[in-house]
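Undergrad: Dropping in upload.txt, with compact mmCIF, C-alpha atoms.
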# COMPACT_ATOMS: atom_id res chain seq x y z
CA MET A 1 -22.43 67.45 -62.37
CA THR A 2 -19.03 67.21 -60.77
CA SER A 3 -17.49 63.75 -61.05
CA ASP A 4 -16.28 61.83 -58.01
CA ALA A 5 -12.74 62.11 -59.27
CA GLU A 6 -13.02 65.89 -59.47
CA ALA A 7 -14.46 66.04 -55.95
CA LEU A 8 -11.59 63.93 -54.63
CA ARG A 9 -9.07 66.12 -56.44
CA ARG A 10 -10.51 69.27 -54.89
CA ARG A 11 -10.62 67.66 -51.45
CA ALA A 12 -6.97 66.65 -51.84
CA GLU A 13 -6.07 70.21 -52.83
CA THR A 14 -7.88 71.56 -49.75
CA ALA A 15 -6.07 69.00 -47.64
CA ARG A 16 -2.73 70.22 -48.97
CA ARG A 17 -3.71 73.79 -48.13
CA LEU A 18 -4.70 72.64 -44.65
CA ARG A 19 -1.38 70.87 -44.22
CA ALA A 20 0.50 73.96 -45.30
CA GLY A 21 -1.48 76.07 -42.84
CA VAL A 22 -1.12 73.83 -39.78
CA GLY A 23 1.59 76.04 -38.34
CA VAL A 24 -0.52 79.18 -38.66
CA LEU A 25 -3.62 77.45 -37.25
CA SER A 26 -1.65 76.15 -34.27
CA SER A 27 -0.08 79.54 -33.60
CA VAL A 28 -3.42 81.35 -33.74
CA THR A 29 -4.99 78.69 -31.52
CA LEU A 30 -2.33 79.11 -28.82
CA GLN A 31 -2.76 82.88 -28.93
CA ARG A 32 -6.51 82.48 -28.55
CA LEU A 33 -6.06 80.09 -25.63
CA GLU A 34 -3.83 82.63 -23.91
CA ALA A 35 -6.32 85.42 -24.46
CA GLN A 36 -9.59 83.68 -23.63
CA LEU A 37 -8.90 80.96 -21.04
CA PRO A 38 -7.77 82.13 -17.58
CA TRP A 39 -7.20 78.53 -16.43
CA TYR A 40 -4.74 78.03 -19.31
CA ARG A 41 -2.77 81.15 -18.34
CA SER A 42 -2.54 79.95 -14.72
CA MET A 43 -1.14 76.52 -15.62
CA SER A 44 2.49 75.55 -15.20
CA SER A 45 4.72 75.86 -18.25
CA SER A 46 4.92 72.08 -18.67
CA ASP A 47 1.14 71.65 -18.54
CA ARG A 48 0.64 74.54 -20.96
CA SER A 49 3.11 72.89 -23.30
CA TRP A 50 1.14 69.64 -23.21
CA VAL A 51 -2.14 71.47 -23.79
CA GLY A 52 -0.57 73.20 -26.77
CA LEU A 53 0.65 69.89 -28.16
CA LEU A 54 -2.82 68.45 -27.63
CA ALA A 55 -4.36 71.28 -29.67
CA GLN A 56 -1.76 70.91 -32.43
CA SER A 57 -2.28 67.15 -32.47
CA GLY A 58 -5.99 67.69 -32.89
CA ILE A 59 -5.45 70.00 -35.88
CA SER A 60 -2.96 67.65 -37.52
CA SER A 61 -5.25 64.68 -36.99
CA PHE A 62 -8.12 66.57 -38.61
CA VAL A 63 -5.96 67.34 -41.64
CA ASP A 64 -5.03 63.66 -41.99
CA TRP A 65 -8.66 62.60 -41.70
CA TYR A 66 -9.83 65.23 -44.21
CA ARG A 67 -7.22 63.98 -46.68
CA LYS A 68 -8.47 60.38 -46.20
CA PRO A 69 -12.18 60.66 -45.34
CA ASP A 70 -12.59 56.88 -45.25
CA THR A 71 -10.42 56.71 -42.12
CA ASN A 72 -12.29 55.41 -39.06
CA LEU A 73 -13.11 58.43 -36.93
CA ARG A 74 -12.56 56.40 -33.77
CA VAL A 75 -8.83 56.87 -34.16
CA VAL A 76 -9.23 60.43 -32.86
CA ALA A 77 -9.13 58.97 -29.35
CA ASP A 78 -5.42 58.37 -29.97
CA ILE A 79 -4.91 62.12 -29.67
CA PHE A 80 -5.36 61.87 -25.91
CA LYS A 81 -3.00 58.94 -25.56
CA THR A 82 0.02 61.12 -26.28
CA ALA A 83 -0.64 63.33 -23.26
CA PRO A 84 0.50 62.26 -19.78
CA ARG A 85 -2.13 60.80 -17.45
CA ASP A 86 -1.63 63.66 -15.00
CA LEU A 87 -2.92 66.08 -17.64
CA ILE A 88 -6.41 64.63 -17.23
CA ARG A 89 -6.21 65.66 -13.58
CA ALA A 90 -4.79 69.07 -14.49
CA ILE A 91 -7.68 70.05 -16.78
CA SER A 92 -11.32 69.08 -16.47
CA LEU A 93 -13.62 67.78 -19.19
CA GLN A 94 -15.30 71.19 -19.31
CA GLN A 95 -11.94 72.87 -19.89
CA THR A 96 -11.10 70.33 -22.59
CA LEU A 97 -14.34 71.18 -24.37
CA GLN A 98 -13.52 74.88 -24.09
CA LEU A 99 -10.19 74.11 -25.73
CA LEU A 100 -11.94 72.19 -28.49
CA LYS A 101 -14.37 75.07 -29.08
CA ILE A 102 -11.51 77.49 -29.65
CA VAL A 103 -9.75 75.12 -32.05
CA VAL A 104 -12.96 74.73 -34.06
CA GLU A 105 -13.50 78.48 -34.14
CA VAL A 106 -9.98 79.10 -35.41
CA VAL A 107 -10.29 76.51 -38.17
CA GLU A 108 -13.74 77.78 -39.21
CA GLU A 109 -12.48 81.36 -39.38
CA ARG A 110 -9.68 80.27 -41.71
CA VAL A 111 -11.92 78.28 -44.06
CA PRO A 112 -12.14 81.14 -46.64
CA ASP A 113 -8.34 81.38 -46.69
CA ILE A 114 -7.81 77.63 -47.02
CA ALA A 115 -10.50 76.30 -49.34
CA ARG A 116 -11.89 77.49 -52.65
CA PRO A 117 -15.53 78.71 -52.47
CA VAL A 118 -16.88 75.48 -53.90
CA GLU A 119 -15.08 73.46 -51.19
CA GLN A 120 -15.86 75.70 -48.24
CA PRO A 121 -19.26 74.13 -47.31
CA ALA A 122 -17.73 70.63 -47.29
CA LEU A 123 -14.80 71.82 -45.17
CA ARG A 124 -17.10 73.47 -42.63
CA GLU A 125 -19.21 70.33 -42.43
CA ALA A 126 -16.09 68.23 -41.95
CA VAL A 127 -14.95 70.50 -39.12
CA LEU A 128 -18.29 70.03 -37.32
CA ILE A 129 -18.26 66.25 -37.78
CA TYR A 130 -14.68 65.97 -36.57
CA SER A 131 -15.24 68.27 -33.57
CA ARG A 132 -18.22 66.16 -32.54
CA GLU A 133 -16.10 63.01 -32.64
CA ILE A 134 -13.33 64.69 -30.68
CA ALA A 135 -15.86 65.72 -28.03
CA PHE A 136 -17.13 62.13 -27.75
CA ALA A 137 -13.55 60.86 -27.55
CA ALA A 138 -12.72 63.35 -24.79
CA ALA A 139 -15.82 62.37 -22.83
CA ASP A 140 -14.87 58.69 -23.14
CA VAL A 141 -11.32 59.36 -21.92
CA TYR A 142 -12.56 61.26 -18.88
CA ALA A 143 -15.25 58.67 -18.12
CA ARG A 144 -12.68 55.88 -18.18
CA ALA A 145 -10.32 57.91 -16.00
CA ALA A 146 -13.13 58.59 -13.52
CA GLU A 147 -14.04 54.90 -13.41
CA ALA A 148 -10.42 53.88 -12.86
CA ARG A 149 -10.01 56.53 -10.19
CA GLY A 150 -13.22 55.35 -8.52
CA ASN A 151 -11.98 51.76 -8.46
CA TRP A 152 -8.64 52.87 -7.07
CA ASP A 153 -10.32 55.04 -4.44
CA ALA A 154 -12.48 52.07 -3.44
CA ARG A 155 -9.36 49.92 -3.00
CA LEU A 156 -7.67 52.62 -0.94
CA GLU A 157 -10.82 52.99 1.15
CA ALA A 158 -10.85 49.26 1.82
CA MET A 159 -7.17 49.39 2.79
CA VAL A 160 -7.85 52.20 5.27
CA VAL A 161 -10.72 50.26 6.84
CA ASP A 162 -8.47 47.19 7.12
CA ALA A 163 -5.84 49.36 8.79
CA LEU A 164 -8.40 50.62 11.29
CA VAL A 165 -9.42 47.07 12.18
CA ARG A 166 -5.80 46.02 12.62
CA GLY A 167 -5.09 49.09 14.74
CA ASP A 168 -2.20 50.32 12.61
CA SER A 169 0.06 53.00 14.01
CA VAL A 170 -0.68 56.67 13.49
CA ASP A 171 2.14 57.07 10.96
CA GLU A 172 1.07 54.08 8.86
CA LEU A 173 -2.55 55.15 8.82
CA ALA A 174 -1.63 58.75 8.02
CA SER A 175 0.25 57.64 4.89
CA ARG A 176 -2.72 55.61 3.68
CA THR A 177 -5.21 58.40 4.28
CA ALA A 178 -2.95 60.90 2.51
CA ALA A 179 -3.08 58.69 -0.57
CA PHE A 180 -6.85 58.47 -0.28
CA GLY A 181 -7.17 62.26 -0.29
CA TRP A 182 -8.77 62.84 3.11
CA GLN A 183 -9.04 66.61 3.62
CA SER A 184 -11.03 67.13 6.83
CA GLU A 185 -9.07 68.52 9.76
CA GLY A 186 -11.94 68.13 12.21
CA PRO A 187 -12.56 65.43 14.82
CA VAL A 188 -13.15 61.89 13.60
CA CYS A 189 -15.29 59.08 14.94
CA VAL A 190 -15.93 55.53 13.75
CA ILE A 191 -19.37 53.92 13.69
CA VAL A 192 -19.51 50.12 13.65
CA GLY A 193 -22.38 47.67 13.32
CA ARG A 194 -23.53 44.64 11.39
CA ALA A 195 -23.41 44.97 7.63
CA PRO A 196 -26.78 45.33 5.88
CA GLN A 197 -28.20 42.49 3.81
CA ARG A 198 -27.99 44.06 0.37
CA SER A 199 -25.80 44.33 -2.71
CA ALA A 200 -22.39 45.35 -1.37
CA LYS A 201 -21.42 47.85 -4.08
CA LYS A 202 -24.85 49.41 -4.46
CA GLY A 203 -25.34 49.53 -0.71
CA LEU A 204 -21.95 51.11 -0.01
CA ASP A 205 -22.41 53.78 -2.68
CA GLY A 206 -25.70 54.85 -1.11
CA ILE A 207 -24.26 54.80 2.42
CA ARG A 208 -21.26 56.80 1.27
CA ARG A 209 -23.49 59.48 -0.24
CA LYS A 210 -25.62 59.63 2.89
CA ALA A 211 -22.57 59.90 5.15
CA GLY A 212 -21.13 62.61 2.91
CA ARG A 213 -24.15 64.80 3.60
CA TRP A 214 -23.24 64.92 7.29
CA ALA A 215 -19.44 65.00 7.20
CA ASP A 216 -16.64 66.93 5.53
CA ASP A 217 -15.10 63.56 4.67
CA ALA A 218 -16.35 60.00 5.04
CA LEU A 219 -15.03 56.48 4.58
CA VAL A 220 -17.27 53.43 4.27
CA GLY A 221 -16.27 49.77 4.20
CA ILE A 222 -17.29 46.25 5.18
CA HIS A 223 -14.94 43.96 7.10
CA ASP A 224 -15.94 40.52 8.42
CA ASN A 225 -19.65 41.27 8.04
CA ARG A 226 -19.26 44.52 9.96
CA LEU A 227 -20.01 47.89 8.42
CA PHE A 228 -17.61 50.73 9.22
CA ILE A 229 -18.50 54.38 8.69
CA VAL A 230 -15.74 56.88 9.43
CA LEU A 231 -16.89 60.50 9.75
CA GLY A 232 -14.62 63.53 9.77
CA GLY A 233 -15.58 67.08 10.58
CA VAL A 234 -19.17 66.43 11.69
CA THR A 235 -20.78 69.33 13.55
CA GLU A 236 -24.00 67.48 14.48
CA LEU A 237 -22.68 64.06 15.40
CA ASP A 238 -25.70 62.82 17.35
CA ASP A 239 -28.07 63.66 14.50
CA ALA A 240 -25.70 62.15 11.95
CA VAL A 241 -25.35 58.89 13.86
CA GLU A 242 -29.10 58.64 14.38
CA ASP A 243 -29.69 59.10 10.64
CA LEU A 244 -26.95 56.66 9.61
CA SER A 245 -28.16 53.94 12.01
CA ASP A 246 -30.63 52.85 9.34
CA CYS A 247 -27.70 51.90 7.10
CA PHE A 248 -26.70 49.04 9.39
CA GLY A 249 -28.15 45.59 9.71
CA PRO A 250 -29.96 44.31 12.81
CA SER A 251 -28.16 44.31 16.16
CA GLU A 252 -26.24 47.06 17.91
CA VAL A 253 -24.73 50.18 16.32
CA ILE A 254 -21.68 51.44 18.19
CA VAL A 255 -20.23 54.95 18.07
CA GLY A 256 -16.53 55.10 18.86
CA PRO A 257 -15.07 58.03 20.82
CA ALA A 258 -14.07 61.14 18.89
CA VAL A 259 -10.35 61.49 18.10
CA PRO A 260 -8.40 64.50 16.78
CA GLY A 261 -7.98 63.24 13.21
CA LEU A 262 -8.11 60.30 10.84
CA ALA A 263 -4.58 59.22 11.70
CA GLU A 264 -5.83 58.38 15.21
CA ALA A 265 -9.08 56.79 14.02
CA ALA A 266 -7.82 53.32 14.90
CA THR A 267 -8.35 54.23 18.55
CA SER A 268 -12.01 55.03 17.91
CA ALA A 269 -12.44 51.91 15.78
CA LYS A 270 -10.82 49.68 18.40
CA ALA A 271 -13.19 50.91 21.10
CA ALA A 272 -16.21 50.51 18.83
CA ILE A 273 -15.23 46.98 17.78
CA ARG A 274 -14.76 45.82 21.35
CA ALA A 275 -18.00 47.47 22.40
CA LEU A 276 -19.83 45.66 19.59
CA LYS A 277 -18.52 42.33 20.88
CA ALA A 278 -19.53 43.13 24.45
CA ALA A 279 -22.90 44.73 23.62
CA THR A 280 -24.78 41.42 23.99
CA ALA A 281 -24.18 41.70 27.74
CA ARG A 282 -26.50 44.72 27.75
CA PRO A 283 -29.51 43.61 25.69
CA ASP A 284 -31.48 46.76 26.49
CA SER A 285 -28.77 49.13 25.24
CA PRO A 286 -30.01 51.94 22.98
CA ARG A 287 -29.37 51.94 19.23
CA PRO A 288 -27.07 53.63 18.51
CA VAL A 289 -24.95 53.50 21.66
CA LYS A 290 -21.58 55.06 22.42
CA ALA A 291 -18.67 52.75 23.08
CA ASP A 292 -17.98 54.68 26.29
CA ASP A 293 -21.47 53.79 27.52
CA LEU A 294 -20.46 50.12 27.50
CA LEU A 295 -17.30 50.42 29.57
CA PRO A 296 -18.41 47.88 32.23
CA GLU A 297 -19.37 45.27 29.64
CA ARG A 298 -16.14 45.87 27.72
CA ALA A 299 -14.04 45.56 30.87
CA LEU A 300 -15.80 42.36 31.91
CA SER A 301 -15.18 40.88 28.46
CA GLY A 302 -11.44 41.51 28.74
CA ASP A 303 -11.03 44.97 27.21
CA ARG A 304 -8.11 46.32 29.21
CA SER A 305 -8.44 49.82 27.79
CA ALA A 306 -12.01 49.95 29.12
CA LEU A 307 -10.82 48.64 32.47
CA THR A 308 -8.22 51.39 32.64
CA GLU A 309 -10.75 54.03 31.70
CA LEU A 310 -13.22 52.82 34.31
CA ILE A 311 -10.62 53.13 37.04
CA GLU A 312 -9.25 56.49 35.93
CA ARG A 313 -12.61 58.14 35.26
CA PHE A 314 -14.80 56.76 38.02
CA TYR A 315 -12.65 55.29 40.78
CA GLU A 316 -9.58 57.46 41.18
CA PRO A 317 -11.51 60.78 41.47
CA LEU A 318 -13.41 59.29 44.44
CA THR A 319 -10.22 58.39 46.29
CA SER A 320 -9.03 61.99 46.58
CA GLY A 321 -9.43 63.97 49.78
CA THR A 322 -10.68 62.24 52.91
CA GLY A 323 -12.17 59.36 50.99
CA GLN A 324 -15.70 60.09 52.25
CA LEU A 325 -17.15 60.03 48.74
CA LEU A 326 -15.65 56.61 48.07
CA LYS A 327 -16.94 55.21 51.37
CA THR A 328 -20.39 56.68 50.74
CA VAL A 329 -20.85 55.36 47.22
CA SER A 330 -19.40 51.97 48.20
CA ALA A 331 -21.96 51.64 50.96
CA TYR A 332 -24.74 52.98 48.77
CA VAL A 333 -24.28 50.38 46.04
CA GLU A 334 -23.62 47.67 48.61
CA PHE A 335 -26.93 48.30 50.37
CA GLY A 336 -29.02 48.36 47.21
CA SER A 337 -29.23 52.15 46.84
CA SER A 338 -30.94 52.54 50.23
CA LEU A 339 -30.40 55.97 51.79
CA GLU A 340 -31.38 54.81 55.24
CA ALA A 341 -29.17 51.71 55.21
CA THR A 342 -26.24 53.72 53.87
CA ALA A 343 -26.71 56.45 56.48
CA LYS A 344 -26.91 53.88 59.26
CA ALA A 345 -23.77 52.10 58.09
CA LEU A 346 -21.87 55.38 57.94
CA SER A 347 -23.43 56.78 61.12
CA VAL A 348 -24.59 59.93 59.32
CA HIS A 349 -27.93 61.56 58.52
CA PRO A 350 -29.67 60.54 55.25
CA ASN A 351 -29.41 64.17 54.09
CA THR A 352 -25.65 63.87 54.40
CA VAL A 353 -25.78 60.85 52.13
CA ARG A 354 -27.89 62.81 49.62
CA TYR A 355 -25.37 65.68 49.69
CA ARG A 356 -22.45 63.35 49.14
CA LEU A 357 -24.23 61.56 46.28
CA ARG A 358 -24.70 64.92 44.54
CA LYS A 359 -21.00 65.65 44.99
CA ILE A 360 -20.19 62.23 43.52
CA ALA A 361 -22.33 63.00 40.47
CA ASP A 362 -20.49 66.30 40.01
CA ALA A 363 -17.11 64.62 40.42
CA ILE A 364 -17.47 61.73 37.98
CA GLY A 365 -20.49 62.61 35.85
CA LEU A 366 -22.49 59.58 36.98
CA ASP A 367 -25.56 59.68 39.21
CA PRO A 368 -25.43 56.82 41.75
CA THR A 369 -29.21 57.06 42.26
CA THR A 370 -29.89 55.73 38.74
CA SER A 371 -29.60 52.00 38.19
CA ARG A 372 -27.32 52.10 35.14
CA ASP A 373 -24.91 54.63 36.63
CA ALA A 374 -24.86 52.70 39.89
CA PHE A 375 -23.89 49.57 37.96
CA VAL A 376 -21.06 51.39 36.17
CA ILE A 377 -19.79 52.75 39.49
CA HIS A 378 -20.01 49.33 41.10
CA ILE A 379 -17.83 47.74 38.39
CA ALA A 380 -15.37 50.64 38.61
CA LEU A 381 -15.12 50.12 42.36
CA VAL A 382 -14.42 46.42 41.92
CA TYR A 383 -11.61 46.97 39.42
CA GLY A 384 -10.25 49.93 41.38
CA ARG A 385 -9.93 47.87 44.55
CA LEU A 386 -8.37 44.97 42.67
CA SER A 387 -5.87 47.35 41.11
CA GLU A 388 -4.88 48.86 44.44
CA ASP A 389 -4.59 45.46 46.09
CA GLY A 390 -2.29 44.22 43.34
CA VAL A 391 -4.68 41.51 42.22
CA LEU A 392 -4.69 42.67 38.61
CA SER A 393 -2.02 40.99 36.50
CA ASN A 394 1.20 42.73 35.62
CA SER A 395 0.01 43.02 32.05
CA ASP A 396 -3.07 44.89 33.29
CA LYS A 397 -0.86 47.25 35.25
CA SER A 398 1.49 47.85 32.35
CA GLN A 399 -1.53 48.54 30.17
CA ARG A 400 -2.69 51.13 32.66
CA ASP A 401 0.76 52.69 32.76
CA ARG A 402 0.88 52.98 28.96
CA SER A 403 -2.60 54.45 28.90
CA SER A 404 -1.69 57.07 31.48
CA VAL A 405 1.37 58.06 29.46
CA HIS A 406 -0.72 58.56 26.32
Would you write the structure of this file as structure tokens?
TA:
Amino acid sequence: MTSDAEALRRRAETARRLRAGVGVLSSVTLQRLEAQLPWYRSMSSSDRSWVGLLAQSGISSFVDWYRKPDTNLRVVADIFKTAPRDLIRAISLQQTLQLLKIVVEVVEERVPDIARPVEQPALREAVLIYSREIAFAAADVYARAAEARGNWDARLEAMVVDALVRGDSVDELASRTAAFGWQSEGPVCVIVGRAPQRSAKKGLDGIRRKAGRWADDALVGIHDNRLFIVLGGVTELDDAVEDLSDCFGPSEVIVGPAVPGLAEAATSAKAAIRALKAATARPDSPRPVKADDLLPERALSGDRSALTELIERFYEPLTSGTGQLLKTVSAYVEFGSSLEATAKALSVHPNTVRYRLRKIADAIGLDPTTSRDAFVIHIALVYGRLSEDGVLSNSDKSQRDRSSVH
């Protein structure tokens, strides 16, 4: 029976042979990487150099551990500490395991050349044990990196939502979203409503996954008890909003207007936020409801952008030409949507009033014969007249001027 001392002597001899063969093992490993791994061949020279050093470090660390088997195997995690953090982004965990597989294969193939026959089974077993520990260490490194990246992404996401609420400029918001990694080039809209009553982190993770099924990119965040969902590149927006409405707490769910990209999303968020504040003035509003469908309520609550939009979309088109459309709709809403009273006031036939009402609907997209559209038109008429008569404040006028420029 071989004594412990003899076994240690033979192990030390094998360790010396391993140490002497590190250069050959490393060289063969790099050649094998070049031949078998397309992703390695496509890497930059600096990244390939770091991958090569990582492989060599793994071999050298195995030799040191084999020479001193009592060494704590957890120290193998130190192998990954020598590589730059960007390397973890350059190669995936799967690619790292492919690298490890090749290193193990090379070492196993060289076992007959390194160890005496009596030591070969122990060396092969040691290679398997060590490779298993390296795999666990690699998985731990990538898991920690993913967790740190997730925390960082969550902070960036919160910063972007804060920027939307503040109404940051396009340039400022673009820089934040570039850091977040937003990739969608499609239209963007912001959905705002009350935050749900649930665990914030767990709730947001589920909402984020749900939003991601509808959009190319999505941002989710809570600010002042309001839930914000930012969708980019959605092809079926109405269906998406209807599905995501369940993610919000009770009360209204507002859909901001679509904007060209995330850098302009503050415009959509601003409209949605103001519509949410004004939505109580329309208790029978649908859920969800578009911010543009609450223009009268927003204007009455002091939203100057809504006031401007009301005038430009629904008042100014009626003032063109002879002004007959404006006179007709003014009389129609004034006389409680009565065709006969309107016709009598204008000294025309009721059919003429019907014809003009159809032209009004074509011109502004609102049907004066429906109660809601008639209300919107009525408020637009009020603000339009006040604007023309100079009753609106200078700040209101300057706001309109800036809006028309943009």
Undergrad: Applying 6 Å and all atoms listed in the file, which residues near segment 380-383 of chain A remain after dropping the ones on its own chain fewer than 6 positions away? List them as an NGL selection string.
TA: :A and (310-311 or 315)
Undergrad: Do a neighbour search on segment 336-342 of chain A at 9 Å with only C-alpha atoms, toss out local chain neighbours closer than 6 positions, and write the hits as a list in words.
TA: Thr328, Val329, Val348, His349, Pro350, Asn351, Val353, Arg354, Pro368, Thr369, Thr370, Ser371 and Ala374 of chain A
Undergrad: Name all residues at most 9 Å from Ile191 of chain A (count only C-alpha atoms; drop same-chain ones fewer than 5 positions away) and give them as an mmCIF file with C-alpha atoms, keeping the file's coordinate frame.
TA:
data_model
loop_
_atom_site.group_PDB
_atom_site.id
_atom_site.type_symbol
_atom_site.label_atom_id
_atom_site.label_comp_id
_atom_site.auth_asym_id
_atom_site.auth_seq_id
_atom_site.Cartn_x
_atom_site.Cartn_y
_atom_site.Cartn_z
ATOM 1 C CA LEU A 227 -20.010 47.890 8.420
ATOM 2 C CA PHE A 228 -17.610 50.730 9.220
ATOM 3 C CA ILE A 229 -18.500 54.380 8.690
ATOM 4 C CA VAL A 230 -15.740 56.880 9.430
ATOM 5 C CA LEU A 231 -16.890 60.500 9.750
ATOM 6 C CA VAL A 241 -25.350 58.890 13.860
ATOM 7 C CA SER A 245 -28.160 53.940 12.010
ATOM 8 C CA VAL A 253 -24.730 50.180 16.320
ATOM 9 C CA ILE A 254 -21.680 51.440 18.190
ATOM 10 C CA VAL A 255 -20.230 54.950 18.070
ATOM 11 C CA GLY A 256 -16.530 55.100 18.860
ATOM 12 C CA SER A 268 -12.010 55.030 17.910
ATOM 13 C CA ALA A 269 -12.440 51.910 15.780
ATOM 14 C CA ALA A 272 -16.210 50.510 18.830
#
Undergrad: In Å, how far is it from atom CA of Arg9 of chain A to atom CA of Lys68 of chain A?
TA: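 About the pair atom CA of Arg9 of chain A and atom CA of Lys68 of chain A: they are 11.8 Å apart.
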Undergrad: Show me, as a ChimeraX atom specification, the residues that have an atom within 12 Å of Ala55 of chain A when counting all atoms listed in the file, minus same-chain residues fewer than 4 positions from it.
TA: /A:22-23,25-33,48-51,59-62,79-80,82-83,96-104,106-107,131,134
Undergrad: By how many Å are atom CA of Arg194 of chain A and atom CA of Arg213 of chain A apart?
TA: 21.6 Å
Undergrad: Hey, can you check how far atom CA of Val234 of chain A sits from atom CA of Cys189 of chain A?
TA: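 It comes out at 8.9 Å.
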Undergrad: Choose the residue, out of A:Asp162, A:Ala240, A:Leu128, A:Ala361, that has the smallest atom-to-atom separation from Ala265 of chain A; count only C-alpha atoms.
TA: A:Asp162
Undergrad: Considering all atoms listed in the file, can you say which of A:Leu53, A:Asp168, A:Val289, A:Leu300 comes closest to Leu276 of chain A?
TA: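 Smallest distance to Leu276 of chain A is found for A:Val289.
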Undergrad: Taking only C-alpha atoms into account, name the residue in A:Val127, A:Val259, A:Leu219, A:Val188 that is nearest to Glu105 of chain A.
TA: A:Val127
Undergrad: Write out as a ChimeraX atom specification which residues come within 9 Å of Leu326 of chain A when counting only C-alpha atoms, dropping same-chain ones fewer than 6 positions away.
TA: /A:315,317-320,360,381
Undergrad: Considering only C-alpha atoms, can you say which of A:Ala15, A:Leu346, A:Ala122, A:Ala139 comes closest to Ser92 of chain A?
TA: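 Comparing A:Ala15, A:Leu346, A:Ala122, A:Ala139 against Ser92 of chain A, the winner is A:Ala139.
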